[in-house]
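upload.txt (compact mmCIF, C-alpha atoms and all ligand atoms)
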# COMPACT_ATOMS: atom_id res chain seq x y z
CA MET R 165 185.58 117.04 41.27
CA SER R 166 182.00 115.79 41.61
CA ARG R 167 180.52 113.92 38.70
CA SER R 168 177.24 112.13 37.91
CA VAL R 169 178.24 108.47 38.10
CA ILE R 170 176.23 105.31 37.43
CA THR R 171 176.89 103.09 40.45
CA GLY R 172 174.45 100.22 39.87
CA THR R 173 172.28 98.83 37.09
CA GLY R 174 169.37 96.45 36.68
CA ALA R 175 166.97 95.14 34.06
CA CYS R 176 163.77 93.18 33.84
CA ILE R 177 163.49 91.24 30.60
CA PRO R 178 160.10 89.49 30.52
CA GLU R 179 160.35 85.72 30.02
CA ARG R 180 157.57 85.42 27.46
CA ILE R 181 159.13 85.34 23.99
CA LEU R 182 157.10 86.25 20.92
CA GLU R 183 158.87 85.02 17.80
CA ASN R 184 158.06 86.47 14.40
CA LYS R 185 156.27 83.24 13.50
CA ASP R 186 153.84 83.87 16.38
CA PHE R 187 152.34 86.63 14.20
CA GLU R 188 151.60 84.24 11.32
CA GLN R 189 147.92 83.99 12.22
CA ASN R 190 147.51 87.79 12.21
CA ARG R 191 145.78 89.56 9.37
CA PHE R 192 147.35 92.95 8.69
CA TYR R 193 145.59 96.05 7.31
CA ASP R 194 146.71 99.41 5.95
CA GLU R 195 145.87 102.78 7.53
CA LYS R 196 142.69 103.01 5.45
CA GLY R 197 141.42 99.72 6.84
CA ARG R 198 142.10 97.64 3.72
CA PRO R 199 143.56 94.16 4.20
CA LEU R 200 147.13 93.90 2.93
CA THR R 201 147.30 91.76 -0.17
CA ASP R 202 150.64 90.06 0.56
CA ASN R 203 150.31 86.93 2.65
CA THR R 204 151.32 87.29 6.29
CA GLU R 205 154.41 85.07 6.02
CA LEU R 206 155.81 87.32 3.31
CA ILE R 207 155.03 90.45 5.34
CA ILE R 208 156.82 88.95 8.34
CA GLU R 209 159.87 88.03 6.27
CA LYS R 210 160.01 91.53 4.81
CA PHE R 211 159.62 92.93 8.32
CA ARG R 212 162.62 90.93 9.58
CA LYS R 213 164.73 92.08 6.68
CA ILE R 214 163.89 95.78 7.15
CA THR R 215 164.15 95.94 10.94
CA GLY R 216 166.47 93.07 11.98
CA ILE R 217 163.91 91.96 14.60
CA SER R 218 163.36 88.21 15.12
CA GLU R 219 161.66 88.21 18.52
CA ARG R 220 160.49 90.45 21.35
CA ARG R 221 159.34 89.98 24.97
CA TYR R 222 155.89 90.53 26.46
CA VAL R 223 154.92 90.66 30.14
CA PRO R 224 152.46 88.05 31.44
CA GLU R 225 148.82 89.06 32.04
CA GLY R 226 149.05 89.86 35.75
CA ILE R 227 152.13 92.09 35.49
CA ASN R 228 152.11 95.84 34.83
CA THR R 229 154.74 98.42 33.93
CA SER R 230 155.28 99.48 37.56
CA ASP R 231 155.99 95.84 38.53
CA ILE R 232 158.81 95.42 36.02
CA ALA R 233 160.03 98.94 36.83
CA ALA R 234 160.31 97.96 40.50
CA GLU R 235 162.11 94.72 39.62
CA ALA R 236 164.72 96.52 37.50
CA GLY R 237 165.02 99.31 40.09
CA ASN R 238 165.53 96.87 42.94
CA GLN R 239 168.36 95.16 41.04
CA ALA R 240 170.03 98.51 40.40
CA LEU R 241 169.80 99.36 44.11
CA ILE R 242 171.29 96.00 45.13
CA ASN R 243 174.09 96.33 42.57
CA SER R 244 174.91 99.86 43.73
CA GLY R 245 175.14 98.75 47.34
CA ILE R 246 173.44 101.94 48.59
CA ASP R 247 170.84 102.02 51.33
CA PRO R 248 167.55 102.68 49.44
CA GLU R 249 166.52 105.05 52.24
CA THR R 250 169.33 107.40 51.18
CA LEU R 251 167.78 108.01 47.74
CA ASP R 252 166.76 111.61 46.98
CA GLN R 253 164.63 110.73 43.96
CA ILE R 254 162.99 107.88 42.11
CA VAL R 255 162.28 108.72 38.48
CA VAL R 256 160.38 106.48 36.08
CA ALA R 257 160.45 107.21 32.36
CA HIS R 258 157.54 105.65 30.45
CA ASN R 259 154.75 106.72 28.11
CA PHE R 260 151.57 104.85 28.91
CA GLY R 261 151.60 104.29 32.67
CA ASP R 262 150.14 101.04 33.96
CA VAL R 263 147.77 99.54 31.39
CA THR R 264 146.26 96.42 32.90
CA HIS R 265 145.66 93.42 30.64
CA GLY R 266 142.34 93.69 28.81
CA SER R 267 142.02 97.44 29.33
CA LEU R 268 143.38 100.19 27.13
CA GLN R 269 143.43 102.83 29.82
CA SER R 270 146.66 104.49 30.89
CA GLN R 271 146.85 104.66 34.67
CA ASN R 272 149.16 107.45 35.72
CA VAL R 273 147.73 108.31 39.14
CA PRO R 274 149.61 107.79 41.31
CA THR R 275 152.76 108.11 39.23
CA LEU R 276 154.66 104.95 38.37
CA ALA R 277 157.54 106.31 40.45
CA SER R 278 155.24 106.48 43.51
CA ARG R 279 154.08 102.93 42.78
CA VAL R 280 157.72 101.80 42.57
CA LYS R 281 158.53 103.58 45.82
CA HIS R 282 155.60 101.77 47.43
CA ILE R 283 156.58 98.35 46.05
CA LEU R 284 160.19 98.82 47.20
CA GLY R 285 158.99 99.91 50.65
CA ILE R 286 161.02 103.13 50.68
CA ALA R 287 159.65 105.37 53.44
CA ARG R 288 161.64 108.62 53.56
CA PRO R 289 159.33 111.47 52.42
CA GLU R 290 162.32 113.49 51.17
CA CYS R 291 162.82 110.86 48.46
CA ILE R 292 160.59 112.39 45.79
CA ALA R 293 159.05 110.14 43.17
CA TYR R 294 157.98 111.42 39.78
CA ASP R 295 157.67 110.34 36.17
CA VAL R 296 159.10 111.73 32.96
CA LEU R 297 157.29 111.47 29.63
CA VAL R 298 159.61 112.26 26.75
CA GLY R 299 158.76 109.43 24.37
CA CYS R 300 161.36 106.70 23.90
CA PRO R 301 164.19 109.09 24.91
CA GLY R 302 162.65 109.37 28.41
CA TRP R 303 165.31 107.37 30.27
CA VAL R 304 168.20 109.29 28.69
CA HIS R 305 166.28 112.46 29.55
CA SER R 306 166.09 111.34 33.18
CA LEU R 307 169.92 111.10 33.18
CA ILE R 308 170.20 114.64 31.81
CA GLN R 309 167.65 115.97 34.26
CA SER R 310 169.29 114.31 37.27
CA HIS R 311 172.67 115.65 36.18
CA ALA R 312 171.12 119.14 36.34
CA TRP R 313 169.54 118.49 39.77
CA PHE R 314 172.97 117.36 41.01
CA LYS R 315 174.71 120.44 39.67
CA ALA R 316 172.06 122.62 41.32
CA GLY R 317 172.88 120.95 44.63
CA MET R 318 169.34 119.62 45.04
CA ALA R 319 170.00 115.85 44.93
CA LYS R 320 172.88 113.40 45.27
CA LYS R 321 171.44 109.92 44.73
CA VAL R 322 168.67 108.94 42.33
CA LEU R 323 167.13 105.80 40.95
CA LEU R 324 166.36 106.16 37.23
CA ILE R 325 164.10 103.61 35.59
CA GLY R 326 162.82 103.21 32.03
CA ALA R 327 159.86 100.83 31.82
CA GLU R 328 157.18 100.12 29.27
CA THR R 329 154.62 97.46 28.38
CA LEU R 330 153.95 98.39 24.77
CA SER R 331 152.25 95.03 24.18
CA ARG R 332 149.23 96.56 25.97
CA VAL R 333 148.82 99.46 23.50
CA LEU R 334 149.51 97.80 20.16
CA ASP R 335 147.07 97.47 17.29
CA PHE R 336 147.74 93.93 16.10
CA SER R 337 146.08 94.64 12.74
CA ASP R 338 148.98 97.03 12.04
CA ARG R 339 152.19 95.25 10.90
CA ASP R 340 154.26 97.84 12.76
CA SER R 341 153.01 96.19 15.98
CA MET R 342 155.74 93.58 15.39
CA ILE R 343 158.41 96.19 16.14
CA PHE R 344 157.65 96.69 19.81
CA GLY R 345 158.22 94.78 23.04
CA ASP R 346 158.10 95.16 26.83
CA GLY R 347 160.89 95.64 29.35
CA ALA R 348 162.49 97.71 32.06
CA GLY R 349 166.02 98.94 32.72
CA ALA R 350 167.40 101.01 35.57
CA CYS R 351 170.41 102.60 37.16
CA VAL R 352 171.42 104.35 40.36
CA LEU R 353 173.08 107.67 39.55
CA GLU R 354 175.15 109.38 42.26
CA TYR R 355 176.90 112.71 42.45
CA LYS R 356 180.26 111.81 43.86
CA ASP R 357 183.96 112.61 43.79
CA SER R 358 185.59 111.32 40.64
CA PRO R 359 189.13 111.94 39.37
CA ASP R 360 189.72 114.09 36.29
CA ASP R 361 189.77 111.01 34.08
CA GLY R 362 187.23 109.14 36.24
CA PRO R 363 183.68 107.99 35.53
CA GLY R 364 180.79 110.35 35.02
CA ILE R 365 178.64 112.32 32.60
CA LEU R 366 180.80 114.45 30.30
CA GLY R 367 178.22 116.15 28.10
CA THR R 368 174.57 116.14 27.08
CA CYS R 369 172.25 117.27 24.30
CA ALA R 370 168.45 117.35 24.08
CA GLN R 371 166.09 118.57 21.36
CA THR R 372 162.35 118.65 20.66
CA HIS R 373 161.08 119.05 17.09
CA SER R 374 157.33 119.62 17.23
CA GLN R 375 156.46 121.47 14.05
CA ASN R 376 155.64 119.15 11.16
CA GLU R 377 157.11 116.27 13.14
CA PHE R 378 154.86 116.33 16.20
CA ASP R 379 152.51 113.58 14.95
CA PHE R 380 155.07 111.20 13.45
CA ILE R 381 154.37 108.98 16.48
CA ASP R 382 150.96 109.43 18.08
CA MET R 383 147.74 107.66 19.04
CA GLY R 384 145.24 106.49 16.42
CA ARG R 385 142.32 104.21 15.67
CA PRO R 386 143.02 100.54 14.89
CA TYR R 387 143.56 99.76 11.20
CA LYS R 388 140.94 97.03 11.31
CA GLY R 389 137.46 98.11 12.38
CA ALA R 390 138.27 101.76 13.10
CA ASP R 391 134.63 102.80 12.61
CA ASN R 392 133.45 100.56 15.41
CA SER R 393 136.24 101.39 17.80
CA SER R 394 136.55 104.19 20.30
CA SER R 395 139.99 102.98 21.33
CA TYR R 396 143.30 104.54 20.43
CA PHE R 397 146.57 102.70 19.90
CA MET R 398 150.16 103.75 19.39
CA LYS R 399 150.72 104.62 15.71
CA MET R 400 153.82 105.53 13.79
CA LYS R 401 154.52 107.10 10.41
CA GLY R 402 157.48 104.78 10.09
CA ARG R 403 159.11 106.15 6.95
CA LYS R 404 158.86 109.74 8.28
CA VAL R 405 160.37 108.72 11.62
CA TYR R 406 163.15 106.99 9.72
CA GLU R 407 163.98 110.02 7.60
CA TYR R 408 163.70 112.37 10.57
CA ALA R 409 166.08 110.23 12.63
CA LEU R 410 168.69 110.06 9.85
CA LYS R 411 168.52 113.82 9.42
CA HIS R 412 168.69 114.95 13.06
CA VAL R 413 170.17 112.27 15.34
CA PRO R 414 173.79 112.35 14.01
CA SER R 415 174.10 116.12 14.45
CA ALA R 416 172.55 115.97 17.94
CA MET R 417 175.11 113.31 18.92
CA LYS R 418 177.88 115.52 17.58
CA LEU R 419 176.58 118.49 19.61
CA CYS R 420 176.75 116.27 22.70
CA LEU R 421 180.36 115.27 21.94
CA ASP R 422 181.28 118.91 21.26
CA GLN R 423 179.79 119.90 24.59
CA ALA R 424 181.76 117.13 26.28
CA GLY R 425 184.94 118.17 24.47
CA VAL R 426 185.41 114.59 23.30
CA ASP R 427 186.65 113.58 19.86
CA ILE R 428 184.79 110.84 18.01
CA GLY R 429 188.04 108.82 17.89
CA ASN R 430 187.85 108.43 21.68
CA ILE R 431 184.39 106.85 21.68
CA SER R 432 184.38 103.11 22.48
CA LYS R 433 180.66 102.31 22.24
CA ILE R 434 177.47 103.96 21.06
CA LEU R 435 174.38 102.69 22.85
CA ILE R 436 171.60 103.87 20.61
CA HIS R 437 167.85 103.42 20.88
CA GLN R 438 167.01 100.14 19.14
CA ALA R 439 164.32 101.04 16.61
CA ASN R 440 165.51 99.54 13.35
CA GLU R 441 168.87 97.87 12.77
CA LYS R 442 169.56 99.42 9.38
CA MET R 443 168.40 102.85 10.54
CA ASP R 444 170.74 102.72 13.55
CA GLU R 445 173.67 101.65 11.35
CA GLU R 446 172.99 104.54 9.01
CA ILE R 447 172.72 107.05 11.89
CA VAL R 448 176.08 105.97 13.26
CA SER R 449 177.72 105.99 9.86
CA ARG R 450 176.37 109.55 9.28
CA LEU R 451 177.78 110.59 12.67
CA TYR R 452 181.25 109.43 11.60
CA ALA R 453 180.77 111.12 8.22
CA LEU R 454 180.32 114.44 10.08
CA TYR R 455 183.95 113.97 11.18
CA GLY R 456 185.08 113.02 7.68
CA ILE R 457 185.41 109.33 8.63
CA GLU R 458 184.14 107.01 5.93
CA GLN R 459 183.40 103.92 7.98
CA SER R 460 182.26 103.54 11.57
CA PRO R 461 184.48 101.19 13.62
CA PRO R 462 183.26 97.59 13.71
CA GLY R 463 181.54 96.62 16.98
CA ILE R 464 180.96 100.25 18.00
CA MET R 465 177.17 99.81 18.25
CA PRO R 466 175.91 96.90 20.41
CA MET R 467 172.49 95.69 19.25
CA SER R 468 169.75 93.92 21.18
CA ILE R 469 166.97 94.60 18.69
CA GLN R 470 167.15 91.08 17.21
CA TRP R 471 165.80 89.48 20.40
CA LEU R 472 164.25 92.37 22.36
CA GLY R 473 162.65 94.44 19.59
CA ASN R 474 162.04 98.08 20.45
CA SER R 475 161.28 98.28 24.17
CA SER R 476 161.19 102.09 24.15
CA VAL R 477 162.56 103.72 27.32
CA ALA R 478 163.85 100.37 28.58
CA THR R 479 166.21 99.77 25.68
CA ILE R 480 169.29 101.81 26.58
CA PRO R 481 169.50 101.06 30.33
CA THR R 482 168.92 97.37 29.57
CA LEU R 483 171.68 97.37 26.95
CA TYR R 484 174.08 99.09 29.36
CA HIS R 485 173.23 96.60 32.11
CA LEU R 486 173.67 93.57 29.82
CA ILE R 487 177.11 94.72 28.68
CA LEU R 488 178.24 95.62 32.20
CA LYS R 489 177.18 92.19 33.44
CA GLY R 490 178.97 90.36 30.61
CA GLN R 491 175.72 89.16 29.07
CA MET R 492 176.73 90.39 25.60
CA PRO R 493 180.12 88.65 25.40
CA GLU R 494 181.14 90.31 22.14
CA HIS R 495 180.93 93.70 23.89
CA ALA R 496 182.64 94.90 27.06
CA PHE R 497 183.44 98.16 28.79
CA ARG R 498 187.00 98.81 29.94
CA PRO R 499 187.67 101.29 32.74
CA ASN R 500 187.68 104.87 31.42
CA ASP R 501 185.95 103.92 28.17
CA ILE R 502 183.93 106.83 26.83
CA ILE R 503 180.53 105.89 25.49
CA VAL R 504 177.47 107.67 24.09
CA PHE R 505 173.82 107.05 24.87
CA ALA R 506 171.51 108.37 22.14
CA SER R 507 167.78 108.14 21.65
CA VAL R 508 164.95 109.28 19.39
CA GLY R 509 161.18 109.02 19.69
CA ALA R 510 157.76 110.59 20.03
CA GLY R 511 157.64 114.34 20.40
CA MET R 512 159.71 114.19 18.30
CA ASN R 513 162.48 114.11 20.85
CA ILE R 514 166.19 113.41 20.46
CA ASN R 515 168.84 113.31 23.15
CA ALA R 516 172.35 112.10 23.86
CA VAL R 517 174.66 111.73 26.83
CA CYS R 518 178.43 111.28 26.67
CA TYR R 519 179.56 109.15 29.62
CA ARG R 520 182.90 107.84 30.90
CA VAL R 521 182.53 104.35 32.36
C1 LIG R 601 158.40 101.19 10.07
C2 LIG R 601 159.54 100.78 9.17
C3 LIG R 601 160.07 99.42 9.58
C4 LIG R 601 159.07 100.69 7.73
O1 LIG R 601 160.19 100.44 6.88
P1 LIG R 601 160.41 101.33 5.57
O2 LIG R 601 161.55 100.76 4.82
O3 LIG R 601 160.48 102.76 5.98
O4 LIG R 601 159.06 101.04 4.83
P2 LIG R 601 158.42 101.74 3.58
O5 LIG R 601 157.15 102.37 4.03
O6 LIG R 601 159.37 102.62 2.83
O7 LIG R 601 158.13 100.47 2.71
C5 LIG R 601 159.17 99.61 2.24
C6 LIG R 601 158.64 98.22 2.12
O8 LIG R 601 158.49 97.64 3.42
C7 LIG R 601 157.15 97.25 3.64
N1 LIG R 601 156.86 97.51 5.05
C8 LIG R 601 156.71 98.70 5.66
N2 LIG R 601 156.51 98.52 6.98
C9 LIG R 601 156.53 97.20 7.22
C10 LIG R 601 156.35 96.39 8.36
N3 LIG R 601 156.14 96.90 9.57
N4 LIG R 601 156.39 95.05 8.21
C11 LIG R 601 156.61 94.50 7.02
N5 LIG R 601 156.79 95.21 5.88
C12 LIG R 601 156.75 96.54 5.97
C13 LIG R 601 156.34 98.08 2.67
O9 LIG R 601 155.15 97.44 2.30
C14 LIG R 601 157.26 98.19 1.49
O10 LIG R 601 157.22 96.99 0.75
P3 LIG R 601 157.47 96.98 -0.87
O11 LIG R 601 158.88 97.45 -1.08
O12 LIG R 601 157.27 95.54 -1.23
O13 LIG R 601 156.46 97.92 -1.43
C15 LIG R 601 160.69 101.81 9.21
O14 LIG R 601 160.27 102.98 8.55
C16 LIG R 601 161.15 102.16 10.57
O15 LIG R 601 161.73 101.35 11.27
N6 LIG R 601 160.97 103.43 10.93
C17 LIG R 601 161.51 103.97 12.17
C18 LIG R 601 160.88 103.38 13.36
C19 LIG R 601 161.37 104.07 14.58
O16 LIG R 601 162.47 104.55 14.66
N7 LIG R 601 160.57 104.15 15.53
C20 LIG R 601 160.96 104.82 16.72
C21 LIG R 601 159.90 104.56 17.63
S1 LIG R 601 160.43 105.04 19.17

For this file, produce the structure as structure tokens.
Amino acid sequence: MSRSVITGTGACIPERILENKDFEQNRFYDEKGRPLTDNTELIIEKFRKITGISERRYVPEGINTSDIAAEAGNQALINSGIDPETLDQIVVAHNFGDVTHGSLQSQNVPTLASRVKHILGIARPECIAYDVLVGCPGWVHSLIQSHAWFKAGMAKKVLLIGAETLSRVLDFSDRDSMIFGDGAGACVLEYKDSPDDGPGILGTCAQTHSQNEFDFIDMGRPYKGADNSSSYFMKMKGRKVYEYALKHVPSAMKLCLDQAGVDIGNISKILIHQANEKMDEEIVSRLYALYGIEQSPPGIMPMSIQWLGNSSVATIPTLYHLILKGQMPEHAFRPNDIIVFASVGAGMNINAVCYRV
């Protein structure tokens, strides 16, 4: 039977490392514009303890989101071995478009996918290029969407990229700015013959909660000097996001497994959006609790948050690529392993994909 199979992966991890100590000169403020009373070193130490983040990556000044998207996409194309001119679609998941250094303006025309198509020199007009904006779950959404295009018989080969340069939209007077980083990850997804127990997407789940939750992650004035600023930055009601994620992500993952007809005992890895180490551990342990299992298996959840922070849409494809390429030696995929991708973010959106490697 035909299945949606990942046949190549790539990632662009910017070389510039920002360690937590690089924030020591910052002065942080609360949402009402009052300076925080704790000294910055203490805030940073508390931050590391709550989130597990020690460092993150930022792009250099002359590089934009579409550049790192193209780099990751090109790697995925090379690793898949396909002729780029046979692609039916290029899809870029992001949230802010290209934001050039020193400006706060999102540039979304033309789409990042069109920019990537241009950079990669792909000519065929039938290869359509478009973006998806679904918050941090955008890349997983692009998998789900492509799976549906495939099943409708409207595409067979797509390049799916998640890319973001959050460093361009952060308010550095807000301590939550330390959470985020830049990056891009990509895969080639093909609809191809695969044996009954062969690789491919087995099930999916997607949800949007936009009642009370819609503004848990949104745009807002900077904490310092809001009155004199007409600029908007990414803002997060962190505690609310945390509680929301614990409440809804485990059941969404279970719905995905139910749809796939896969028992939790057959899952080898869970590649979850890297937003907060403790939060992710709790989500996974609540997923197992839904099956009456007290403890999640050790090593089930590979983490990159310690050194990459939260790179939004780039996180999951980058994690998958790193494991596949043996760059996270304590984690590996064996043939026929069944894994889960799961993500949560602005919208609020949640999604999951069950995939056999
Ligand atoms: C933002 C976040 C790190 C805050 O952690 P938290 O434990 O919820 O924080 P709380 O507001 O309950 O405050 C707990 C303590 O941490 C401190 N704190 C909160 N945010 C902090 C930050 N960014 N840096 C340092 N300290 C922080 C508070 O001052 C408080 O300190 P106290 O105990 O001395 O009073 C956490 O809520 C989080 O990671 N949320 C989810 C983020 C997420 O999933 N984002 C998805 C985006 S796609």

**Request:** Within 6 Å of stretch 497-510 of chain R, counting all atoms listed in the file, which residues show up once you throw out same-chain ones fewer than 5 positions away? Write them as a list in words, please.
**Result:** Gly299, Cys300, Pro301, Ile381, Ile431, Ser432, Lys433, Ile434, Leu435, Ile436, His437, Asn515, Ala516, Val517, Cys518, Tyr519, Arg520 and Val521 of chain R

Can you write out as a tab-separated table which residues of chain R fall within 6 Å of ligand LIG 601 (chain R), alongside each residue's closest atom pair and its distance in Å to one decimal, counting only C-alpha atoms and all ligand atoms and ordering rows by chain and ascending residue number?
residue	atom	partner	partner_atom	distance
R:Ile207	CA	R:LIG601	C11	4.7
R:Ile208	CA	R:LIG601	C11	5.7
R:Lys210	CA	R:LIG601	N5	5.0
R:Phe211	CA	R:LIG601	C11	3.6
R:Ile214	CA	R:LIG601	C3	5.8
R:Thr215	CA	R:LIG601	C3	5.5
R:Cys300	CA	R:LIG601	S1	5.1
R:Arg339	CA	R:LIG601	N3	4.5
R:Asp340	CA	R:LIG601	N3	3.8
R:Gly402	CA	R:LIG601	O14	3.7
R:Arg403	CA	R:LIG601	O14	3.7
R:Val405	CA	R:LIG601	C17	4.9
R:Tyr406	CA	R:LIG601	C17	4.2
R:Ala439	CA	R:LIG601	O16	4.4
R:Asn440	CA	R:LIG601	O15	4.7
R:Ser476	CA	R:LIG601	S1	5.8
R:Gly509	CA	R:LIG601	S1	4.1

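You can rank R:Gly317, R:Gly425, R:Gly237, R:Gly326 by their closest distance to R:Ile365 using all atoms listed in the file, and at the top of that list sits R:Gly425.
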
**Request:** Considering all atoms listed in the file, state which residue in the set R:Met342, R:Arg332, R:His305, R:Val169 is at the smallest distance from R:Asp186.
**Result:**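 Looking at the shortest contact to R:Asp186, the residue is R:Met342.
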
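The residues that lie within 10 Å of the point (160.8, 82.2, 16.3), counting all atoms listed in the file, are Ile181, Leu182, Glu183, Asn184, Lys185, Asp186, Phe187, Ser218, Glu219, Arg220 and Trp471 of chain R.
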
**Request:** Can you work out the spacing between atom CA of R:Ile246 and atom CA of R:Lys315 in Å, to one decimal?
**Result:**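 One can read the atom CA of R:Ile246 to atom CA of R:Lys315 distance as 20.6 Å.
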
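Distance check against R:Gly384 using all atoms listed in the file: of R:Met465, R:Asp338, R:Gln239, R:Glu407, the minimum falls on R:Asp338.
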
**Asked** Between atom CA of R:Tyr484 and atom CA of R:Gly463, what is the distance, to one decimal in Å?
**Response**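 These two atoms are separated by 14.7 Å.
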
**Request:** Considering all atoms listed in the file, return as a count of residues only whatever protein or nucleic-acid residues lie within 7 Å of R:Ala424, sequence-local ones (same chain, fewer than 2 positions apart) excluded.
**Result:** 7

**Request:** Between R:Ile428, R:Ile232, R:Leu472, R:Ala240, single out the one closest to R:Lys489, counting all atoms listed in the file.
**Result:**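 Going through R:Ile428, R:Ile232, R:Leu472, R:Ala240 one by one, the smallest distance to R:Lys489 is for R:Ala240.
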
**Message:** What does the structure give for the distance between atom CA of R:Asn474 and atom CA of R:Ile170, in Å to one decimal?
**Reply:**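 Answer for the atom CA of R:Asn474 to atom CA of R:Ile170 separation: 23.3 Å.
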
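Between R:Glu179 and the residues R:Leu486, R:Ile227, R:Leu451, R:Met417, the shortest atom-to-atom distance, using only C-alpha atoms, involves R:Ile227.
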
Within 7 Å of R:Glu290, counting all atoms listed in the file, which residues qualify if same-chain residues fewer than 2 places away don't, as a PDB file with C-alpha atoms, keeping the file's coordinate frame?
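This is the output file selection23.pdb:
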ATOM      1  CA  ASP R 252     166.760 111.610  46.980  1.00  0.00           C
ATOM      2  CA  ARG R 288     161.640 108.620  53.560  1.00  0.00           C
ATOM      3  CA  ILE R 292     160.590 112.390  45.790  1.00  0.00           C
TER       4      ILE R 292
END

Filled-in N, CA and C atoms of stretch 223-241 of chain R, supplied as a compact mmCIF listing (two decimals), in the frame of the given file:
# COMPACT_ATOMS: atom_id res chain seq x y z
N VAL R 223 155.19 91.01 28.74
CA VAL R 223 154.92 90.66 30.14
C VAL R 223 153.72 89.72 30.21
N PRO R 224 153.66 88.88 31.27
CA PRO R 224 152.46 88.05 31.44
C PRO R 224 151.26 88.91 31.88
N GLU R 225 150.06 88.30 31.83
CA GLU R 225 148.82 89.06 32.04
C GLU R 225 148.76 89.84 33.35
N GLY R 226 149.23 89.23 34.44
CA GLY R 226 149.05 89.86 35.75
C GLY R 226 150.09 90.92 36.10
N ILE R 227 151.01 91.18 35.18
CA ILE R 227 152.13 92.09 35.49
C ILE R 227 151.93 93.41 34.74
N ASN R 228 152.23 94.51 35.44
CA ASN R 228 152.11 95.84 34.83
C ASN R 228 153.47 96.54 34.76
N THR R 229 153.48 97.70 34.12
CA THR R 229 154.74 98.42 33.93
C THR R 229 155.43 98.71 35.27
N SER R 230 154.64 99.12 36.28
CA SER R 230 155.28 99.48 37.56
C SER R 230 155.93 98.26 38.21
N ASP R 231 155.38 97.05 37.95
CA ASP R 231 155.99 95.84 38.53
C ASP R 231 157.38 95.60 37.95
N ILE R 232 157.49 95.69 36.61
CA ILE R 232 158.81 95.42 36.02
C ILE R 232 159.77 96.58 36.31
N ALA R 233 159.20 97.79 36.46
CA ALA R 233 160.03 98.94 36.83
C ALA R 233 160.64 98.69 38.22
N ALA R 234 159.82 98.20 39.14
CA ALA R 234 160.31 97.96 40.50
C ALA R 234 161.36 96.86 40.51
N GLU R 235 161.15 95.83 39.70
CA GLU R 235 162.11 94.72 39.62
C GLU R 235 163.48 95.22 39.12
N ALA R 236 163.46 95.99 38.04
CA ALA R 236 164.72 96.52 37.50
C ALA R 236 165.36 97.49 38.50
N GLY R 237 164.52 98.33 39.13
CA GLY R 237 165.02 99.31 40.09
C GLY R 237 165.64 98.64 41.30
N ASN R 238 165.01 97.59 41.77
CA ASN R 238 165.53 96.87 42.94
C ASN R 238 166.91 96.28 42.63
N GLN R 239 167.04 95.70 41.45
CA GLN R 239 168.36 95.16 41.04
C GLN R 239 169.42 96.24 41.02
N ALA R 240 169.05 97.41 40.48
CA ALA R 240 170.03 98.51 40.40
C ALA R 240 170.45 98.94 41.81
N LEU R 241 169.47 98.97 42.73
CA LEU R 241 169.80 99.36 44.11
C LEU R 241 170.74 98.34 44.75
